[in-house]
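> Below is the file input_20.cif, which contains mmCIF, C-alpha atoms and all ligand atoms.
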```cif
data_work
loop_
_atom_site.group_PDB
_atom_site.id
_atom_site.type_symbol
_atom_site.label_atom_id
_atom_site.label_comp_id
_atom_site.auth_asym_id
_atom_site.auth_seq_id
_atom_site.Cartn_x
_atom_site.Cartn_y
_atom_site.Cartn_z
ATOM 1 C CA MET D 11 32.892 -73.973 19.463
ATOM 2 C CA ALA D 12 32.613 -72.532 22.976
ATOM 3 C CA GLU D 13 29.139 -72.626 24.482
ATOM 4 C CA PRO D 14 27.693 -69.111 25.100
ATOM 5 C CA THR D 15 27.805 -68.455 28.838
ATOM 6 C CA VAL D 16 24.428 -67.872 30.403
ATOM 7 C CA GLU D 17 24.421 -65.492 33.335
ATOM 8 C CA PRO D 18 22.879 -67.049 36.409
ATOM 9 C CA ALA D 19 19.555 -65.540 37.429
ATOM 10 C CA PRO D 20 20.151 -62.790 39.990
ATOM 11 C CA GLU D 21 19.208 -63.655 43.541
ATOM 12 C CA ILE D 22 17.325 -61.218 45.701
ATOM 13 C CA ARG D 23 17.799 -61.147 49.461
ATOM 14 C CA VAL D 24 15.971 -59.302 52.191
ATOM 15 C CA ARG D 25 17.425 -58.024 55.441
ATOM 16 C CA ARG D 26 16.623 -55.400 58.048
ATOM 17 C CA MET D 27 18.088 -51.988 57.387
ATOM 18 C CA HIS D 28 21.156 -51.031 59.469
ATOM 19 C CA ARG D 29 22.140 -47.541 60.514
ATOM 20 C CA ARG D 30 25.004 -47.650 58.040
ATOM 21 C CA ASP D 31 22.478 -48.172 55.175
ATOM 22 C CA ILE D 32 20.559 -44.943 55.892
ATOM 23 C CA ASN D 33 22.396 -42.780 53.344
ATOM 24 C CA ARG D 34 22.206 -45.373 50.586
ATOM 25 C CA ALA D 35 18.552 -46.151 51.281
ATOM 26 C CA TRP D 36 17.693 -42.430 51.268
ATOM 27 C CA GLU D 37 19.455 -41.912 47.926
ATOM 28 C CA PHE D 38 17.624 -44.950 46.586
ATOM 29 C CA LEU D 39 14.227 -43.574 47.640
ATOM 30 C CA LYS D 40 14.953 -40.145 46.196
ATOM 31 C CA ARG D 41 15.812 -41.811 42.885
ATOM 32 C CA VAL D 42 12.664 -43.972 42.820
ATOM 33 C CA PHE D 43 10.254 -41.145 43.742
ATOM 34 C CA ARG D 44 11.859 -38.372 41.667
ATOM 35 C CA ASP D 45 9.471 -38.629 38.723
ATOM 36 C CA ILE D 46 6.469 -39.678 40.774
ATOM 37 C CA HIS D 47 6.675 -36.570 42.962
ATOM 38 C CA ALA D 48 6.536 -34.379 39.882
ATOM 39 C CA GLU D 49 2.994 -35.701 39.239
ATOM 40 C CA THR D 50 1.333 -36.140 42.623
ATOM 41 C CA VAL D 51 -0.285 -33.610 44.974
ATOM 42 C CA GLU D 52 0.839 -35.430 48.048
ATOM 43 C CA TYR D 53 4.320 -36.608 48.866
ATOM 44 C CA GLN D 54 4.479 -40.350 48.525
ATOM 45 C CA ARG D 55 7.218 -39.962 51.143
ATOM 46 C CA PRO D 56 9.950 -39.607 52.192
ATOM 47 C CA ARG D 57 9.625 -35.922 53.034
ATOM 48 C CA SER D 58 13.018 -35.246 54.498
ATOM 49 C CA LYS D 59 16.168 -37.124 55.271
ATOM 50 C CA ALA D 60 15.969 -35.982 58.891
ATOM 51 C CA ARG D 61 12.555 -37.653 59.247
ATOM 52 C CA PHE D 62 13.858 -40.770 57.533
ATOM 53 C CA GLU D 63 16.744 -40.922 60.024
ATOM 54 C CA GLU D 64 14.406 -40.393 62.972
ATOM 55 C CA GLN D 65 12.257 -43.298 61.854
ATOM 56 C CA TYR D 66 15.205 -45.630 62.215
ATOM 57 C CA ASP D 67 15.120 -45.099 65.975
ATOM 58 C CA GLU D 68 11.349 -45.338 66.315
ATOM 59 C CA GLU D 69 9.752 -48.370 67.891
ATOM 60 C CA GLY D 70 7.333 -50.381 65.847
ATOM 61 C CA VAL D 71 8.778 -49.617 62.409
ATOM 62 C CA GLU D 72 10.296 -52.265 60.179
ATOM 63 C CA GLN D 73 12.631 -51.054 57.460
ATOM 64 C CA LEU D 74 13.644 -53.744 55.025
ATOM 65 C CA VAL D 75 16.183 -53.550 52.223
ATOM 66 C CA PHE D 76 16.174 -55.914 49.315
ATOM 67 C CA GLU D 77 19.478 -56.466 47.565
ATOM 68 C CA VAL D 78 20.890 -58.124 44.498
ATOM 69 C CA LYS D 79 24.548 -58.684 45.346
ATOM 70 C CA SER D 80 25.277 -55.480 47.264
ATOM 71 C CA ASP D 81 22.912 -53.199 45.300
ATOM 72 C CA ILE D 82 19.679 -52.021 46.884
ATOM 73 C CA VAL D 83 16.894 -52.956 44.460
ATOM 74 C CA GLY D 84 13.965 -52.596 46.837
ATOM 75 C CA TYR D 85 12.920 -50.947 50.069
ATOM 76 C CA ALA D 86 9.850 -51.650 52.177
ATOM 77 C CA GLU D 87 8.785 -50.000 55.403
ATOM 78 C CA CYS D 88 5.891 -50.938 57.598
ATOM 79 C CA SER D 89 4.533 -50.200 61.019
ATOM 80 C CA PHE D 90 2.031 -51.773 63.331
ATOM 81 C CA GLU D 91 0.507 -48.613 64.698
ATOM 82 C CA VAL D 92 -0.233 -45.117 63.451
ATOM 83 C CA LEU D 93 3.050 -43.269 63.707
ATOM 84 C CA GLY D 94 4.025 -39.634 64.048
ATOM 85 C CA ASP D 95 1.934 -36.610 64.965
ATOM 86 C CA ASP D 96 1.646 -35.603 61.284
ATOM 87 C CA ASN D 97 -0.300 -38.747 60.454
ATOM 88 C CA TRP D 98 -3.906 -38.330 59.319
ATOM 89 C CA ILE D 99 -4.979 -41.917 59.823
ATOM 90 C CA ASN D 100 -7.705 -42.434 62.393
ATOM 91 C CA PRO D 101 -6.970 -45.651 64.315
ATOM 92 C CA ARG D 102 -10.596 -45.920 65.476
ATOM 93 C CA TYR D 103 -11.678 -46.670 61.920
ATOM 94 C CA PHE D 104 -9.847 -49.985 62.208
ATOM 95 C CA ASP D 105 -10.755 -50.656 65.855
ATOM 96 C CA ASN D 106 -14.463 -50.289 65.047
ATOM 97 C CA ARG D 107 -14.156 -52.908 62.334
ATOM 98 C CA GLU D 108 -12.012 -55.297 64.339
ATOM 99 C CA MET D 109 -9.193 -54.876 61.867
ATOM 100 C CA ARG D 110 -5.598 -55.176 63.018
ATOM 101 C CA PRO D 111 -3.775 -53.413 60.223
ATOM 102 C CA MET D 112 -0.167 -53.441 59.251
ATOM 103 C CA PHE D 113 0.592 -50.119 57.583
ATOM 104 C CA ILE D 114 2.860 -50.184 54.550
ATOM 105 C CA GLU D 115 4.598 -46.841 54.814
ATOM 106 C CA GLU D 116 6.826 -47.338 51.818
ATOM 107 C CA LEU D 117 7.275 -49.721 48.930
ATOM 108 C CA ALA D 118 9.772 -49.022 46.198
ATOM 109 C CA SER D 119 11.708 -51.014 43.671
ATOM 110 C CA HIS D 120 14.563 -49.687 41.590
ATOM 111 C CA PRO D 121 13.431 -48.499 38.132
ATOM 112 C CA ASP D 122 15.932 -50.877 36.475
ATOM 113 C CA TYR D 123 14.307 -53.759 38.302
ATOM 114 C CA GLN D 124 10.635 -52.814 38.023
ATOM 115 C CA GLY D 125 8.589 -55.517 36.329
ATOM 116 C CA ARG D 126 11.035 -58.242 37.423
ATOM 117 C CA GLY D 127 9.306 -59.479 40.535
ATOM 118 C CA VAL D 128 10.942 -57.293 43.204
ATOM 119 C CA GLY D 129 7.598 -55.711 44.169
ATOM 120 C CA SER D 130 5.881 -59.099 44.333
ATOM 121 C CA PHE D 131 8.627 -60.422 46.585
ATOM 122 C CA MET D 132 8.336 -57.372 48.831
ATOM 123 C CA ILE D 133 4.553 -57.784 49.170
ATOM 124 C CA GLU D 134 5.006 -61.480 49.894
ATOM 125 C CA GLN D 135 7.523 -60.595 52.620
ATOM 126 C CA LEU D 136 5.156 -58.018 54.132
ATOM 127 C CA MET D 137 2.200 -60.441 54.046
ATOM 128 C CA HIS D 138 4.381 -62.982 55.822
ATOM 129 C CA LEU D 139 5.415 -60.464 58.466
ATOM 130 C CA ALA D 140 1.793 -59.371 58.955
ATOM 131 C CA ARG D 141 0.642 -62.970 59.442
ATOM 132 C CA VAL D 142 3.439 -63.725 61.888
ATOM 133 C CA ARG D 143 2.546 -60.607 63.910
ATOM 134 C CA GLY D 144 -1.169 -61.408 63.962
ATOM 135 C CA CYS D 145 -2.357 -58.603 61.661
ATOM 136 C CA THR D 146 -5.527 -58.965 59.630
ATOM 137 C CA HIS D 147 -4.917 -56.440 56.813
ATOM 138 C CA LEU D 148 -2.211 -54.619 54.910
ATOM 139 C CA VAL D 149 -3.140 -50.943 54.620
ATOM 140 C CA LEU D 150 -1.462 -48.348 52.469
ATOM 141 C CA GLU D 151 -1.995 -45.056 50.746
ATOM 142 C CA VAL D 152 -1.320 -44.502 47.065
ATOM 143 C CA ALA D 153 -1.933 -41.554 44.753
ATOM 144 C CA GLU D 154 -4.786 -42.216 42.312
ATOM 145 C CA ASN D 155 -2.660 -41.076 39.401
ATOM 146 C CA ASN D 156 0.233 -43.358 40.315
ATOM 147 C CA GLU D 157 -1.250 -45.778 37.820
ATOM 148 C CA ASN D 158 1.580 -48.329 37.820
ATOM 149 C CA ALA D 159 1.419 -48.757 41.564
ATOM 150 C CA LEU D 160 -2.380 -48.703 41.673
ATOM 151 C CA SER D 161 -2.746 -51.478 39.110
ATOM 152 C CA PHE D 162 0.017 -53.404 40.872
ATOM 153 C CA TYR D 163 -1.978 -53.284 44.142
ATOM 154 C CA ARG D 164 -5.361 -53.963 42.526
ATOM 155 C CA LYS D 165 -3.971 -57.099 40.846
ATOM 156 C CA ARG D 166 -2.911 -58.239 44.285
ATOM 157 C CA GLN D 167 -6.440 -57.922 45.736
ATOM 158 C CA PHE D 168 -5.993 -54.581 47.490
ATOM 159 C CA TYR D 169 -9.327 -52.751 47.594
ATOM 160 C CA LYS D 170 -10.273 -49.150 48.281
ATOM 161 C CA LEU D 171 -11.103 -48.159 51.843
ATOM 162 C CA ASP D 172 -13.281 -45.234 52.695
ATOM 163 C CA ALA D 173 -10.659 -42.604 52.089
ATOM 164 C CA SER D 174 -10.504 -39.016 51.038
ATOM 165 C CA ILE D 175 -9.627 -37.940 47.558
ATOM 166 C CA PHE D 176 -8.216 -34.597 46.542
ATOM 167 C CA LEU D 177 -10.835 -32.322 44.988
ATOM 168 C CA ALA D 178 -10.152 -28.960 43.410
ATOM 169 C CA LYS D 179 -12.408 -26.281 41.924
ATOM 170 C CA LYS D 180 -11.088 -23.597 39.667
ATOM 171 C CA ILE D 181 -11.798 -20.080 40.859
ATOM 172 C CA PRO D 182 -12.469 -17.535 38.107
ATOM 173 C CA VAL D 183 -9.755 -15.018 38.715
ATOM 174 C CA GLU D 184 -9.799 -11.276 38.365
ATOM 175 C CA PRO D 185 -6.426 -9.584 38.347
ATOM 176 C CA GLU D 186 -5.530 -7.993 41.664
ATOM 177 C CA LEU D 187 -4.175 -4.893 39.944
ATOM 178 C CA LEU D 188 -6.417 -2.476 38.072
ATOM 179 C CA PRO D 189 -6.118 -2.076 34.308
ATOM 180 C CA PRO D 190 -4.328 0.952 32.763
ATOM 181 C CA ARG D 191 -6.191 4.254 32.795
ATOM 182 C CA LYS D 192 -5.927 7.431 30.668
ATOM 183 C CA LEU D 193 -4.731 10.556 32.484
ATOM 184 C CA PRO D 194 -5.809 14.083 31.359
ATOM 185 C CA ARG D 195 -3.377 15.746 28.947
ATOM 186 C CA ARG D 196 -0.674 17.840 30.484
ATOM 187 C CA GLY D 197 -1.438 21.601 30.320
ATOM 188 C CA ARG D 198 -1.049 24.731 32.476
ATOM 189 C CA PRO D 199 -2.793 23.894 35.700
ATOM 190 C CA ALA D 200 -5.692 26.250 36.175
ATOM 191 C CA ALA D 201 -4.860 28.781 38.951
ATOM 192 C CA SER D 202 -7.751 29.766 41.135
ATOM 193 C CA GLY D 203 -7.686 33.496 40.058
ATOM 194 C CA ASP D 204 -7.774 32.535 36.419
ATOM 195 C CA ARG D 205 -10.914 30.692 36.816
ATOM 196 C CA GLU D 206 -13.593 32.089 34.561
ATOM 197 C CA LYS D 207 -16.284 33.881 36.457
ATOM 198 C CA PRO D 208 -19.586 32.183 35.979
ATOM 199 C CA LYS D 209 -21.665 34.288 33.670
ATOM 200 C CA ARG D 210 -24.719 35.791 35.231
ATOM 201 C CA GLU D 211 -27.786 34.642 33.539
ATOM 202 C CA LYS D 212 -29.674 37.550 32.122
ATOM 203 C CA LYS D 213 -33.015 38.042 33.564
ATOM 204 C CA PRO D 214 -35.574 37.940 30.822
ATOM 205 C CA LYS D 215 -37.082 41.402 30.381
ATOM 206 C CA SER D 216 -40.589 41.608 31.475
ATOM 207 C CA ASP D 217 -43.018 43.120 29.041
ATOM 208 C CA GLY D 218 -44.739 45.258 31.550
HETATM 209 C C1 LIG O 301 4.783 -50.395 42.511
HETATM 210 C C2 LIG O 301 6.147 -51.090 42.490
HETATM 211 C C3 LIG O 301 6.633 -51.229 43.917
HETATM 212 C C4 LIG O 301 5.999 -52.455 41.862
HETATM 213 O O1 LIG O 301 7.280 -53.081 41.920
HETATM 214 P P1 LIG O 301 7.828 -54.024 40.752
HETATM 215 O O2 LIG O 301 9.196 -54.441 41.166
HETATM 216 O O3 LIG O 301 7.691 -53.384 39.447
HETATM 217 O O4 LIG O 301 6.819 -55.254 40.906
HETATM 218 P P2 LIG O 301 6.722 -56.612 40.060
HETATM 219 O O5 LIG O 301 7.847 -56.703 39.124
HETATM 220 O O6 LIG O 301 6.557 -57.720 41.031
HETATM 221 O O7 LIG O 301 5.336 -56.443 39.314
HETATM 222 C C5 LIG O 301 5.075 -55.366 38.459
HETATM 223 C C6 LIG O 301 3.918 -55.609 37.554
HETATM 224 O O8 LIG O 301 4.003 -54.663 36.464
HETATM 225 C C7 LIG O 301 4.330 -55.327 35.250
HETATM 226 N N1 LIG O 301 5.396 -54.655 34.491
HETATM 227 C C8 LIG O 301 5.840 -55.011 33.341
HETATM 228 N N2 LIG O 301 6.765 -54.199 32.894
HETATM 229 C C9 LIG O 301 6.925 -53.268 33.818
HETATM 230 C C10 LIG O 301 7.779 -52.155 33.936
HETATM 231 N N3 LIG O 301 8.647 -51.822 32.984
HETATM 232 N N4 LIG O 301 7.706 -51.434 35.036
HETATM 233 C C11 LIG O 301 6.833 -51.728 35.994
HETATM 234 N N5 LIG O 301 6.012 -52.799 35.925
HETATM 235 C C12 LIG O 301 6.051 -53.552 34.856
HETATM 236 C C13 LIG O 301 4.821 -56.663 35.725
HETATM 237 O O9 LIG O 301 4.635 -57.619 34.728
HETATM 238 C C14 LIG O 301 3.956 -56.932 36.905
HETATM 239 O O10 LIG O 301 2.661 -57.252 36.481
HETATM 240 P P3 LIG O 301 1.652 -58.072 37.403
HETATM 241 O O11 LIG O 301 1.055 -57.025 38.332
HETATM 242 O O12 LIG O 301 0.643 -58.606 36.450
HETATM 243 O O13 LIG O 301 2.418 -59.091 38.135
HETATM 244 C C15 LIG O 301 7.159 -50.304 41.633
HETATM 245 O O14 LIG O 301 6.575 -50.038 40.397
HETATM 246 C C16 LIG O 301 7.665 -49.010 42.241
HETATM 247 O O15 LIG O 301 8.581 -48.996 43.062
HETATM 248 N N6 LIG O 301 7.106 -47.891 41.801
HETATM 249 C C17 LIG O 301 7.609 -46.582 42.196
HETATM 250 C C18 LIG O 301 7.346 -46.305 43.662
HETATM 251 C C19 LIG O 301 5.883 -46.372 43.996
HETATM 252 O O16 LIG O 301 5.041 -45.829 43.292
HETATM 253 N N7 LIG O 301 5.591 -47.057 45.105
HETATM 254 C C20 LIG O 301 4.255 -47.189 45.583
HETATM 255 C C21 LIG O 301 3.870 -45.955 46.344
HETATM 256 S S1 LIG O 301 2.530 -46.300 47.374
#
```
Mind turning the file's structure into structure tokens?
Ligand SMILES: CC(C)(COP(=O)(O)OP(=O)(O)OC[C@H]1O[C@@H](n2cnc3c(N)ncnc32)[C@H](O)[C@@H]1OP(=O)(O)O)[C@@H](O)C(=O)NCCC(=O)NCCS

Amino acid sequence: MAEPTVEPAPEIRVRRMHRRDINRAWEFLKRVFRDIHAETVEYQRPRSKARFEEQYDEEGVEQLVFEVKSDIVGYAECSFEVLGDDNWINPRYFDNREMRPMFIEELASHPDYQGRGVGSFMIEQLMHLARVRGCTHLVLEVAENNENALSFYRKRQFYKLDASIFLAKKIPVEPELLPPRKLPRRGRPAASGDREKPKREKKPKSDG
């Protein structure tokens, strides 16, 4: 009897993203974040393809693709300084604490591969890169209700920095438009001449 063939374990490889990968990487990210963006206040990025393309040309950004054969199964992006004028991170926070952070701007593994070690490999790669570049910390932002990602990071010794959280308070609303109102019944409009003359009050007769 023929032996059942066992598929060899897939091999994952990392390389720097090329310009020709931009479309595929963008489609990959849209796929990964589709459901997550339906649940989070803040974009977990990317915001637009144009911005994603711009980043390719920016200095100080590393964009890494992780592939099994020729399929993208993971994407990681990091930078060594606070990038972009829409960034809310205050670099002095880190300077004052003598931290040299490496910012993880993006970490995503394909849904079909989640739970198979792609994320762990990506973090290991980023830790390696951070060490080689002389950084002291990995820093990232994650939505509190992205529970999968949060527990993934916590298990890997990421801890919470002093960071803002989204607060909301419900405002009791009154409708802007007034409620319906009864109008007087339709009748002949009173003309001014028709108006009843006010009756003179009779003077009470005096008795004497
Ligand atoms: C967070 C994320 C990068 C982790 O990647 P991953 O490839 O699933 O990582 P791993 O396989 O190495 O580890 C996943 C962990 O979840 C567990 N797991 C089990 N089944 C799982 C499943 N179906 N899906 C996800 N995780 C699963 C794994 O056992 C592992 O547990 P561990 O933390 O005890 O090791 C990935 O879930 C992801 O891309 N999420 C969507 C994008 C996102 O939220 N990115 C972070 C934004 S800041």
> Between D:Glu17, D:Asp81, D:Glu52, D:Glu115, which is the closest to ligand LIG 301 (chain O) once you count only C-alpha atoms and all ligand atoms?
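Among D:Glu17, D:Asp81, D:Glu52, D:Glu115, it is D:Glu115 that comes nearest to ligand LIG 301 (chain O).
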> Find the residues near ligand LIG 301 (chain O). Use a cut-off of 10 Å, count all atoms listed in the file, and write them as a PyMOL selection string.
chain D and resi 39+41-47+53-55+83-86+114-134+150-166
> One decimal, in Å: what's the spacing between CA of Thr146 in chain D and CA of Leu74 in chain D?
20.4 Å
> Please provide as a ChimeraX atom specification all residues within 12 Å of Val71 in chain D, with the sequence filter that same-chain residues fewer than 3 positions apart are discarded (counting all atoms listed in the file).
/D:26-27,62,64-68,74,86-94,112-116
> What is the CA of Ile82 in chain D-CA of Ala60 in chain D distance in Å, reported with one decimal?
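We find that CA of Ile82 in chain D and CA of Ala60 in chain D lie 20.4 Å from each other.
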> Could you pull range 11-45 of chain D out of the block above and save it with N, CA and C atoms, as a PDB file, in the first residue's frame?

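Ended up saving to decode.pdb:
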```pdb
ATOM      1  N   MET D  11       0.830  -1.196   0.000  1.00  0.00           N
ATOM      2  CA  MET D  11       0.000   0.000   0.000  1.00  0.00           C
ATOM      3  C   MET D  11       0.883   1.272   0.000  1.00  0.00           C
ATOM      4  N   ALA D  12       0.461   2.256  -0.802  1.00  0.00           N
ATOM      5  CA  ALA D  12       1.280   3.475  -0.883  1.00  0.00           C
ATOM      6  C   ALA D  12       1.195   4.272   0.412  1.00  0.00           C
ATOM      7  N   GLU D  13       2.310   4.758   0.847  1.00  0.00           N
ATOM      8  CA  GLU D  13       2.362   5.589   2.068  1.00  0.00           C
ATOM      9  C   GLU D  13       1.632   6.910   1.812  1.00  0.00           C
ATOM     10  N   PRO D  14       0.786   7.399   2.758  1.00  0.00           N
ATOM     11  CA  PRO D  14       0.165   8.716   2.540  1.00  0.00           C
ATOM     12  C   PRO D  14       1.250   9.793   2.484  1.00  0.00           C
ATOM     13  N   THR D  15       1.136  10.686   1.513  1.00  0.00           N
ATOM     14  CA  THR D  15       2.178  11.726   1.401  1.00  0.00           C
ATOM     15  C   THR D  15       1.905  12.841   2.413  1.00  0.00           C
ATOM     16  N   VAL D  16       2.921  13.197   3.107  1.00  0.00           N
ATOM     17  CA  VAL D  16       2.796  14.279   4.100  1.00  0.00           C
ATOM     18  C   VAL D  16       3.351  15.550   3.472  1.00  0.00           C
ATOM     19  N   GLU D  17       2.526  16.582   3.470  1.00  0.00           N
ATOM     20  CA  GLU D  17       2.989  17.854   2.898  1.00  0.00           C
ATOM     21  C   GLU D  17       4.096  18.431   3.749  1.00  0.00           C
ATOM     22  N   PRO D  18       5.160  18.904   3.134  1.00  0.00           N
ATOM     23  CA  PRO D  18       6.205  19.524   3.957  1.00  0.00           C
ATOM     24  C   PRO D  18       5.682  20.796   4.628  1.00  0.00           C
ATOM     25  N   ALA D  19       6.213  21.063   5.817  1.00  0.00           N
ATOM     26  CA  ALA D  19       5.770  22.264   6.541  1.00  0.00           C
ATOM     27  C   ALA D  19       6.092  23.494   5.697  1.00  0.00           C
ATOM     28  N   PRO D  20       5.150  24.433   5.590  1.00  0.00           N
ATOM     29  CA  PRO D  20       5.439  25.619   4.777  1.00  0.00           C
ATOM     30  C   PRO D  20       6.566  26.448   5.391  1.00  0.00           C
ATOM     31  N   GLU D  21       7.340  27.063   4.531  1.00  0.00           N
ATOM     32  CA  GLU D  21       8.459  27.872   5.006  1.00  0.00           C
ATOM     33  C   GLU D  21       8.118  29.344   4.816  1.00  0.00           C
ATOM     34  N   ILE D  22       8.383  30.103   5.840  1.00  0.00           N
ATOM     35  CA  ILE D  22       8.096  31.541   5.754  1.00  0.00           C
ATOM     36  C   ILE D  22       9.409  32.306   5.570  1.00  0.00           C
ATOM     37  N   ARG D  23       9.359  33.279   4.674  1.00  0.00           N
ATOM     38  CA  ARG D  23      10.559  34.079   4.391  1.00  0.00           C
ATOM     39  C   ARG D  23      10.239  35.548   4.528  1.00  0.00           C
ATOM     40  N   VAL D  24      11.214  36.307   4.955  1.00  0.00           N
ATOM     41  CA  VAL D  24      11.017  37.756   5.076  1.00  0.00           C
ATOM     42  C   VAL D  24      11.941  38.465   4.090  1.00  0.00           C
ATOM     43  N   ARG D  25      11.414  39.526   3.513  1.00  0.00           N
ATOM     44  CA  ARG D  25      12.240  40.388   2.650  1.00  0.00           C
ATOM     45  C   ARG D  25      11.702  41.807   2.721  1.00  0.00           C
ATOM     46  N   ARG D  26      12.500  42.747   2.276  1.00  0.00           N
ATOM     47  CA  ARG D  26      12.036  44.144   2.226  1.00  0.00           C
ATOM     48  C   ARG D  26      11.039  44.284   1.093  1.00  0.00           C
ATOM     49  N   MET D  27      10.064  45.166   1.307  1.00  0.00           N
ATOM     50  CA  MET D  27       9.056  45.372   0.268  1.00  0.00           C
ATOM     51  C   MET D  27       9.673  46.130  -0.913  1.00  0.00           C
ATOM     52  N   HIS D  28       9.319  45.724  -2.130  1.00  0.00           N
ATOM     53  CA  HIS D  28       9.734  46.460  -3.341  1.00  0.00           C
ATOM     54  C   HIS D  28       8.573  47.312  -3.810  1.00  0.00           C
ATOM     55  N   ARG D  29       8.908  48.254  -4.696  1.00  0.00           N
ATOM     56  CA  ARG D  29       7.839  49.094  -5.268  1.00  0.00           C
ATOM     57  C   ARG D  29       6.786  48.239  -5.964  1.00  0.00           C
ATOM     58  N   ARG D  30       7.218  47.201  -6.622  1.00  0.00           N
ATOM     59  CA  ARG D  30       6.261  46.367  -7.367  1.00  0.00           C
ATOM     60  C   ARG D  30       5.314  45.590  -6.431  1.00  0.00           C
ATOM     61  N   ASP D  31       5.600  45.548  -5.132  1.00  0.00           N
ATOM     62  CA  ASP D  31       4.735  44.829  -4.178  1.00  0.00           C
ATOM     63  C   ASP D  31       3.631  45.731  -3.625  1.00  0.00           C
ATOM     64  N   ILE D  32       3.699  47.044  -3.913  1.00  0.00           N
ATOM     65  CA  ILE D  32       2.818  47.995  -3.220  1.00  0.00           C
ATOM     66  C   ILE D  32       1.348  47.613  -3.382  1.00  0.00           C
ATOM     67  N   ASN D  33       0.922  47.319  -4.600  1.00  0.00           N
ATOM     68  CA  ASN D  33      -0.497  46.986  -4.815  1.00  0.00           C
ATOM     69  C   ASN D  33      -0.909  45.748  -4.029  1.00  0.00           C
ATOM     70  N   ARG D  34      -0.086  44.727  -4.106  1.00  0.00           N
ATOM     71  CA  ARG D  34      -0.416  43.462  -3.421  1.00  0.00           C
ATOM     72  C   ARG D  34      -0.419  43.647  -1.911  1.00  0.00           C
ATOM     73  N   ALA D  35       0.559  44.413  -1.414  1.00  0.00           N
ATOM     74  CA  ALA D  35       0.632  44.628   0.040  1.00  0.00           C
ATOM     75  C   ALA D  35      -0.573  45.444   0.504  1.00  0.00           C
ATOM     76  N   TRP D  36      -0.978  46.420  -0.289  1.00  0.00           N
ATOM     77  CA  TRP D  36      -2.141  47.254   0.062  1.00  0.00           C
ATOM     78  C   TRP D  36      -3.405  46.399   0.110  1.00  0.00           C
ATOM     79  N   GLU D  37      -3.592  45.548  -0.901  1.00  0.00           N
ATOM     80  CA  GLU D  37      -4.764  44.666  -0.920  1.00  0.00           C
ATOM     81  C   GLU D  37      -4.741  43.736   0.296  1.00  0.00           C
ATOM     82  N   PHE D  38      -3.569  43.263   0.624  1.00  0.00           N
ATOM     83  CA  PHE D  38      -3.401  42.383   1.784  1.00  0.00           C
ATOM     84  C   PHE D  38      -3.844  43.105   3.072  1.00  0.00           C
ATOM     85  N   LEU D  39      -3.374  44.344   3.239  1.00  0.00           N
ATOM     86  CA  LEU D  39      -3.714  45.086   4.456  1.00  0.00           C
ATOM     87  C   LEU D  39      -5.206  45.388   4.533  1.00  0.00           C
ATOM     88  N   LYS D  40      -5.776  45.730   3.386  1.00  0.00           N
ATOM     89  CA  LYS D  40      -7.229  46.012   3.381  1.00  0.00           C
ATOM     90  C   LYS D  40      -7.993  44.775   3.835  1.00  0.00           C
ATOM     91  N   ARG D  41      -7.553  43.624   3.363  1.00  0.00           N
ATOM     92  CA  ARG D  41      -8.208  42.350   3.713  1.00  0.00           C
ATOM     93  C   ARG D  41      -8.089  42.093   5.225  1.00  0.00           C
ATOM     94  N   VAL D  42      -6.877  42.265   5.754  1.00  0.00           N
ATOM     95  CA  VAL D  42      -6.642  41.943   7.173  1.00  0.00           C
ATOM     96  C   VAL D  42      -7.453  42.873   8.082  1.00  0.00           C
ATOM     97  N   PHE D  43      -7.513  44.190   7.718  1.00  0.00           N
ATOM     98  CA  PHE D  43      -8.123  45.156   8.632  1.00  0.00           C
ATOM     99  C   PHE D  43      -9.606  45.394   8.372  1.00  0.00           C
ATOM    100  N   ARG D  44     -10.169  44.698   7.377  1.00  0.00           N
ATOM    101  CA  ARG D  44     -11.575  44.941   7.015  1.00  0.00           C
ATOM    102  C   ARG D  44     -12.507  44.815   8.221  1.00  0.00           C
ATOM    103  N   ASP D  45     -12.420  43.701   8.919  1.00  0.00           N
ATOM    104  CA  ASP D  45     -13.350  43.471  10.035  1.00  0.00           C
ATOM    105  C   ASP D  45     -12.964  44.300  11.259  1.00  0.00           C
TER     106      ASP D  45
END
```
